[in-house]
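Pasting protein_14.tsv here (TSV, C-alpha atoms):
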chain	number	residue	atom	x	y	z
Y	1183	ALA	CA	-57.30	-2.36	43.46
Y	1184	ARG	CA	-55.07	0.75	43.53
Y	1185	MET	CA	-51.99	-1.44	43.95
Y	1186	LYS	CA	-52.88	-3.29	40.76
Y	1187	GLU	CA	-53.28	0.04	38.93
Y	1188	LEU	CA	-49.83	1.20	40.12
Y	1189	GLU	CA	-48.27	-2.11	39.12
Y	1190	ALA	CA	-49.85	-1.84	35.67
Y	1191	GLU	CA	-48.55	1.73	35.27
Y	1192	GLY	CA	-45.07	0.59	36.30
Y	1193	VAL	CA	-45.06	-2.21	33.73
Y	1194	ASP	CA	-46.32	0.13	31.00
Y	1195	GLY	CA	-43.69	2.69	31.95
Y	1196	THR	CA	-40.93	0.10	31.76
Y	1197	ARG	CA	-42.20	-1.14	28.40
Y	1198	SER	CA	-42.39	2.41	27.09
Y	1199	GLN	CA	-38.86	3.15	28.29
Y	1200	TYR	CA	-37.55	-0.07	26.74
Y	1201	SER	CA	-39.34	0.69	23.47
Y	1202	SER	CA	-37.84	4.21	23.32
Y	1203	LYS	CA	-34.32	2.88	23.90
Y	1204	SER	CA	-34.80	0.21	21.28
Y	1205	VAL	CA	-35.97	2.77	18.72
Y	1206	LEU	CA	-33.06	5.07	19.59
Y	1207	ARG	CA	-30.57	2.20	19.30
Y	1208	ASP	CA	-31.94	1.21	15.88
Y	1209	THR	CA	-31.76	4.84	14.74
Y	1210	VAL	CA	-28.13	5.21	15.85
Y	1211	ILE	CA	-27.19	1.94	14.10
Y	1212	ASP	CA	-28.94	3.09	10.91
Y	1213	ILE	CA	-26.98	6.36	11.02
Y	1214	LEU	CA	-23.71	4.47	11.52
Y	1215	ASP	CA	-24.50	2.14	8.61
Y	1216	VAL	CA	-25.33	5.08	6.31
Y	1217	LEU	CA	-22.09	6.76	7.39
Y	1218	LYS	CA	-20.15	3.56	6.66
Y	1219	THR	CA	-21.59	3.38	3.14
Y	1220	SER	CA	-20.76	7.06	2.53
Y	1221	LEU	CA	-17.20	6.67	3.83
Y	1222	GLU	CA	-16.56	3.61	1.67
Y	1223	ALA	CA	-17.79	5.50	-1.42
Y	1224	SER	CA	-15.48	8.41	-0.58
Y	1225	ALA	CA	-12.57	6.02	0.03
Y	1226	LYS	CA	-13.03	4.48	-3.44
Y	1227	SER	CA	-12.82	7.94	-4.96
Y	1228	VAL	CA	-9.68	8.77	-2.95
Y	1229	ALA	CA	-8.12	5.39	-3.80
Y	1230	ARG	CA	-8.11	6.12	-7.53
Y	1231	GLY	CA	-4.89	8.02	-7.00
Y	1232	SER	CA	-3.50	5.69	-4.34
Y	1233	PRO	CA	-5.07	2.54	-2.85
Y	1234	ALA	CA	-3.14	3.10	0.41
Y	1235	LEU	CA	-4.58	6.62	0.68
Y	1236	GLY	CA	-8.12	5.24	0.41
Y	1237	TRP	CA	-7.47	2.81	3.25
Y	1238	LEU	CA	-5.84	5.46	5.41
Y	1239	PHE	CA	-8.94	7.61	4.91
Y	1240	LEU	CA	-11.03	4.75	6.33
Y	1241	VAL	CA	-8.57	4.12	9.17
Y	1242	ASN	CA	-8.83	7.75	10.30
Y	1243	ASN	CA	-12.62	7.83	10.10
Y	1244	TYR	CA	-13.35	4.39	11.57
Y	1245	HIS	CA	-10.94	5.11	14.43
Y	1246	TYR	CA	-12.70	8.43	15.10
Y	1247	ILE	CA	-16.12	6.75	15.13
Y	1248	TYR	CA	-15.06	3.84	17.34
Y	1249	ASP	CA	-13.19	6.14	19.72
Y	1250	GLY	CA	-16.23	8.39	19.97
Y	1251	LEU	CA	-18.63	5.52	20.64
Y	1252	THR	CA	-16.50	3.84	23.30
Y	1253	GLY	CA	-15.70	7.19	24.92
Y	1254	ASP	CA	-19.39	7.99	25.39
Y	1255	GLN	CA	-20.88	5.95	28.25
Y	1256	PHE	CA	-24.48	6.44	27.12
Y	1257	LEU	CA	-23.82	5.41	23.51
Y	1258	SER	CA	-21.61	2.46	24.44
Y	1259	GLN	CA	-24.28	1.12	26.81
Y	1260	LEU	CA	-27.06	1.82	24.31
Y	1261	LEU	CA	-25.34	-0.01	21.44
Y	1262	GLY	CA	-23.96	-2.92	23.45
Y	1263	GLU	CA	-20.78	-4.98	23.09
Y	1264	GLU	CA	-21.73	-6.78	19.88
Y	1265	GLU	CA	-22.35	-3.57	17.94
Y	1266	LEU	CA	-19.20	-1.92	19.32
Y	1267	LEU	CA	-17.14	-4.94	18.26
Y	1268	LYS	CA	-18.61	-4.61	14.79
Y	1269	ARG	CA	-17.39	-1.00	14.59
Y	1270	GLN	CA	-14.01	-1.99	16.02
Y	1271	ASP	CA	-13.64	-4.70	13.37
Y	1272	LEU	CA	-14.15	-2.12	10.60
Y	1273	TYR	CA	-11.32	-0.03	12.02
Y	1274	LEU	CA	-8.96	-2.98	12.61
Y	1275	GLN	CA	-9.59	-4.41	9.14
Y	1276	ALA	CA	-8.96	-1.05	7.43
Y	1277	LYS	CA	-5.76	-0.59	9.46
Y	1278	ALA	CA	-4.43	-4.06	8.58
Y	1279	ILE	CA	-5.15	-3.57	4.86
Y	1280	TYR	CA	-3.55	-0.11	4.87
Y	1281	ILE	CA	-0.33	-1.49	6.43
Y	1282	GLU	CA	-0.32	-4.43	4.01
Y	1283	THR	CA	-0.95	-2.17	1.00
Y	1284	ILE	CA	1.76	0.35	1.82
Y	1285	THR	CA	4.44	-2.27	2.53
Y	1286	LYS	CA	3.56	-4.91	-0.08
Y	1287	LYS	CA	5.89	-3.73	-2.84
Y	1288	VAL	CA	9.01	-3.60	-0.69
Y	1289	ASN	CA	8.13	-6.78	1.20
Y	1290	ASN	CA	7.97	-8.69	-2.09
Y	1291	VAL	CA	11.73	-8.02	-2.24
Y	1292	LEU	CA	12.60	-8.16	1.47
Y	1293	ASP	CA	10.81	-11.48	2.01
Y	1294	SER	CA	13.11	-13.19	-0.52
Y	1295	PRO	CA	16.78	-12.96	0.52
Y	1296	PRO	CA	18.96	-12.14	-2.50
Y	1297	ASP	CA	20.88	-15.00	-4.08
Y	1298	ILE	CA	24.28	-13.38	-4.07
Y	1299	GLU	CA	27.50	-15.20	-4.95
Y	1300	ILE	CA	30.53	-13.70	-3.25
Y	1301	GLY	CA	34.14	-14.35	-4.28
Y	1302	ALA	CA	37.22	-14.76	-2.09
Y	1303	ARG	CA	37.62	-10.99	-1.82
Y	1304	ASN	CA	33.94	-10.41	-1.04
Y	1305	GLU	CA	33.31	-9.28	-4.59
Y	1306	PRO	CA	30.00	-10.16	-6.31
Y	1307	ILE	CA	30.36	-12.96	-8.90
Y	1308	GLY	CA	28.46	-13.33	-12.17
Y	1309	ARG	CA	25.00	-11.72	-12.12
Y	1310	SER	CA	25.20	-11.03	-8.40
Y	1311	LYS	CA	26.15	-7.40	-8.94
Y	1312	GLN	CA	23.17	-6.88	-11.27
Y	1313	THR	CA	20.91	-8.67	-8.79
Y	1314	LEU	CA	22.05	-6.35	-6.02
Y	1315	LYS	CA	21.44	-3.34	-8.23
Y	1316	GLU	CA	17.90	-4.45	-9.10
Y	1317	ILE	CA	16.98	-5.24	-5.49
Y	1318	MET	CA	18.34	-2.05	-4.02
Y	1319	SER	CA	16.77	-0.01	-6.82
Y	1320	VAL	CA	13.31	-1.30	-5.84
Y	1321	VAL	CA	13.93	-0.79	-2.13
Y	1322	ASN	CA	15.42	2.70	-2.48
Y	1323	LYS	CA	12.58	3.82	-4.75
Y	1324	TRP	CA	9.98	2.50	-2.30
Y	1325	ILE	CA	11.60	4.38	0.59
Y	1326	SER	CA	11.78	7.59	-1.43
Y	1327	ASP	CA	8.20	7.31	-2.73
Y	1328	VAL	CA	6.50	6.45	0.57
Y	1329	HIS	CA	8.50	9.08	2.43
Y	1330	SER	CA	7.40	11.71	-0.05
Y	1331	SER	CA	3.74	10.65	0.00
Y	1332	GLN	CA	3.14	9.62	3.62
Y	1333	ARG	CA	4.78	12.61	5.32
Y	1334	LYS	CA	2.23	14.87	3.57
Y	1335	LEU	CA	-0.73	12.91	4.95
Y	1336	SER	CA	-2.68	13.68	8.08
Y	1337	VAL	CA	-3.50	11.31	10.93
Y	1338	PRO	CA	-5.14	13.63	13.47
Y	1339	ASN	CA	-5.06	11.25	16.43
Y	1340	GLN	CA	-1.57	11.21	17.98
Y	1341	ASP	CA	-1.86	7.69	19.43
Y	1342	LEU	CA	-2.94	6.38	16.04
Y	1343	ARG	CA	0.00	8.12	14.33
Y	1344	VAL	CA	2.45	6.47	16.72
Y	1345	GLU	CA	0.80	3.07	16.26
Y	1346	LEU	CA	0.81	3.20	12.45
Y	1347	ARG	CA	4.49	4.14	12.37
Y	1348	TRP	CA	5.27	1.29	14.76
Y	1349	LEU	CA	3.29	-1.22	12.65
Y	1350	ILE	CA	5.11	-0.18	9.46
Y	1351	ARG	CA	8.47	-0.53	11.24
Y	1352	GLU	CA	7.47	-4.00	12.44
Y	1353	LYS	CA	6.63	-4.99	8.88
Y	1354	VAL	CA	9.82	-3.83	7.19
Y	1355	SER	CA	12.60	-2.52	9.46
Y	1356	ARG	CA	14.06	-5.82	10.67
Y	1357	LYS	CA	14.04	-7.27	7.16
Y	1358	TYR	CA	15.61	-4.12	5.73
Y	1359	LYS	CA	18.38	-4.29	8.33
Y	1360	SER	CA	19.14	-7.90	7.30
Y	1361	LEU	CA	19.33	-6.88	3.63
Y	1362	PHE	CA	21.53	-3.91	4.53
Y	1363	GLU	CA	23.98	-6.18	6.36
Y	1364	ILE	CA	24.20	-8.51	3.34
Y	1365	VAL	CA	24.82	-5.69	0.88
Y	1366	ASN	CA	27.23	-3.89	3.22
Y	1367	LYS	CA	29.49	-6.95	3.36
Y	1368	VAL	CA	29.86	-7.05	-0.41
Y	1369	LYS	CA	32.96	-5.34	-1.75
Y	1370	LEU	CA	31.86	-2.62	-4.16
Y	1371	SER	CA	33.43	0.54	-5.50
Y	1372	LYS	CA	32.66	3.67	-3.47
Y	1373	LYS	CA	30.46	4.94	-6.30
Y	1374	ASN	CA	28.40	1.72	-6.41
Y	1375	LYS	CA	28.22	1.47	-2.62
Y	1376	GLU	CA	26.71	4.95	-2.40
Y	1377	LYS	CA	24.33	4.11	-5.24
Y	1378	TYR	CA	23.10	0.85	-3.68
Y	1379	ILE	CA	23.09	1.83	0.00
Y	1380	VAL	CA	21.25	5.12	0.03
Y	1381	TYR	CA	19.69	4.59	3.47
Y	1382	ASP	CA	21.29	2.93	6.47
Y	1383	PRO	CA	18.90	1.28	9.01
Y	1384	GLU	CA	18.93	4.32	11.31
Y	1385	ARG	CA	17.97	6.68	8.51
Y	1386	PHE	CA	15.36	4.19	7.33
Y	1387	ASP	CA	13.69	4.25	10.78
Y	1388	MET	CA	13.96	8.04	10.92
Y	1389	ILE	CA	12.13	8.30	7.60
Y	1390	ILE	CA	9.24	6.20	8.93
Y	1391	SER	CA	9.07	8.46	12.00
Y	1392	GLN	CA	8.38	11.36	9.61
Y	1393	PHE	CA	5.22	9.78	8.19
Y	1394	TYR	CA	2.08	11.92	8.75
Y	1395	GLU	CA	4.17	15.01	9.59
Y	1396	ALA	CA	1.37	17.16	8.18
Y	1397	SER	CA	-0.70	16.31	11.27
Y	1398	GLU	CA	1.97	17.66	13.61
Y	1399	ILE	CA	2.41	20.84	11.56
Y	1400	LEU	CA	-1.35	21.47	11.60
Y	1401	SER	CA	-1.62	20.87	15.35
Y	1402	SER	CA	1.34	23.09	16.28
Take the structure I supplied and represent it as structure tokens, if you would.
Amino acid sequence: ARMKELEAEGVDGTRSQYSSKSVLRDTVIDILDVLKTSLEASAKSVARGSPALGWLFLVNNYHYIYDGLTGDQFLSQLLGEEELLKRQDLYLQAKAIYIETITKKVNNVLDSPPDIEIGARNEPIGRSKQTLKEIMSVVNKWISDVHSSQRKLSVPNQDLRVELRWLIREKVSRKYKSLFEIVNKVKLSKKNKEKYIVYDPERFDMIISQFYEASEILSS
């Protein structure tokens, strides 16, 4: 009879423990969902000035949340793989959209090789000179604008900073180098050459490496 009582107590204890964990898990998920809603509302407010800034805000915060959850053994076990993947997806999606948003304007130009007619002396023929001017004007302005804006931004996590810079390079550097080689072959006056080719590929990469410099100044 006593054995049956002990067995019953053991079952009840297990059920009680399971119930407590289930309630705790649901509570943590509710908190995460409320936080997600709050972050998205804040991102919309931030994005009024710059859509890319709104997405970077989410990248920073979703990365921090996911990193915190996966770095805590109790929370990661409590939430389970499916819920962790859900939080990871939020971070990965925000990161992909941020990279796409910040590079879209220049990629619209870089993805379409310029139709340049070159004469026997490597001089641009017809509208080719004007085409070069228009293309390089867009590219140079993009470089100047993103350099000015992104270097002032903060990405507190060092690994994330390195990754974002690498992703932006992957999106634009190779294509910019190809455009640079095309323009550099064209015979132009020194004045026009300096006007069109403001950044060589090395300087272009160096500028990307200066993105999020504010983080490094704050941490030093």
**Request:** Enter the distance from atom CA of Y:Ala1396 to atom CA of Y:Gln1332, in Å, rounded to one decimal.
**Result:**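 Interatomic distance, atom CA of Y:Ala1396 to atom CA of Y:Gln1332: 9.0 Å.
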**Message:** Please report the interatomic distance between atom CA of Y:Tyr1394 and atom CA of Y:Ser1326 in Å with one decimal.
**Reply:**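 Interatomic distance here is 14.7 Å.
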**Asked** Which residue out of Y:Leu1261, Y:Leu1206, Y:Val1320, Y:Ile1247 has the minimum interatomic distance to Y:Lys1218 when all atoms listed in the file are used?
**Response**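 Checking each candidate against Y:Lys1218, we get Y:Ile1247 as the closest.
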**Request:** Name the closest residue to Y:Lys1277 among the candidates Y:Ser1391, Y:Asn1289, Y:Asn1242, Y:Asn1322; distances are taken between atoms, counting all atoms listed in the file.
**Result:** Y:Asn1242
**Message:** Show me, as a list of chain:residue names, the residues that have an atom within 10 Å of Y:Lys1359 when counting all atoms listed in the file, minus same-chain residues fewer than 6 positions from it.
**Reply:**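 Contacts, in chain order: Y:Leu1292, Y:Val1365, Y:Asp1382, Y:Pro1383, Y:Glu1384, Y:Phe1386.
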**Prompt:** From the set Y:Val1291, Y:Leu1267, Y:Val1337, Y:Val1344, which residue has the shortest atom-to-atom contact distance to Y:Trp1324, counting all atoms listed in the file?
**Reply:**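 When distances to Y:Trp1324 are compared using all atoms listed in the file, the smallest one comes from Y:Val1291.
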**Message:** So the first atom is atom CA of Y:His1329 and the second is atom CA of Y:Met1388; what is the distance between them in Å, to one decimal place?
**Reply:**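 Those two atoms sit 10.1 Å apart.
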**For Y:Tyr1381: contacts at 12 Å, only C-alpha atoms, fewer than 3 positions along chain excluded, given as number ranges by chain** = Y: 1318-1319, 1321-1326, 1355, 1358-1359, 1361-1363, 1365-1366, 1375-1378, 1384-1390
Could the residues in this selection be written to a file with C-alpha atoms, as a short mmCIF file (atom, residue, chain, number, x, y, z; two decimals), in the frame of the given file?
data_model
loop_
_atom_site.label_atom_id
_atom_site.label_comp_id
_atom_site.auth_asym_id
_atom_site.auth_seq_id
_atom_site.Cartn_x
_atom_site.Cartn_y
_atom_site.Cartn_z
CA MET Y 1318 18.34 -2.05 -4.02
CA SER Y 1319 16.77 -0.01 -6.82
CA VAL Y 1321 13.93 -0.79 -2.13
CA ASN Y 1322 15.42 2.70 -2.48
CA LYS Y 1323 12.58 3.82 -4.75
CA TRP Y 1324 9.98 2.50 -2.30
CA ILE Y 1325 11.60 4.38 0.59
CA SER Y 1326 11.78 7.59 -1.43
CA SER Y 1355 12.60 -2.52 9.46
CA TYR Y 1358 15.61 -4.12 5.73
CA LYS Y 1359 18.38 -4.29 8.33
CA LEU Y 1361 19.33 -6.88 3.63
CA PHE Y 1362 21.53 -3.91 4.53
CA GLU Y 1363 23.98 -6.18 6.36
CA VAL Y 1365 24.82 -5.69 0.88
CA ASN Y 1366 27.23 -3.89 3.22
CA LYS Y 1375 28.22 1.47 -2.62
CA GLU Y 1376 26.71 4.95 -2.40
CA LYS Y 1377 24.33 4.11 -5.24
CA TYR Y 1378 23.10 0.85 -3.68
CA GLU Y 1384 18.93 4.32 11.31
CA ARG Y 1385 17.97 6.68 8.51
CA PHE Y 1386 15.36 4.19 7.33
CA ASP Y 1387 13.69 4.25 10.78
CA MET Y 1388 13.96 8.04 10.92
CA ILE Y 1389 12.13 8.30 7.60
CA ILE Y 1390 9.24 6.20 8.93
#
**Using all atoms listed in the file: which of Y:Ile1379, Y:Val1216, Y:Leu1342, Y:Val1228 has the shortest distance to Y:Asp1249** =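 The answer is Y:Leu1342, which sits nearest to Y:Asp1249.
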**Item:** Counting only C-alpha atoms, the residue of Y:Ile1350, Y:Ala1223, Y:Glu1316, Y:His1245 that sits nearest Y:Tyr1280
**Value:**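 Of Y:Ile1350, Y:Ala1223, Y:Glu1316, Y:His1245, the one nearest Y:Tyr1280 is Y:Ile1350, counting only C-alpha atoms.
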**Request:** Compare Y:Leu1314, Y:Leu1274, Y:Val1241, Y:Val1380 by their minimum atom-to-atom distance to Y:Asn1339, counting only C-alpha atoms, and give me the closest one.
**Result:** Y:Val1241
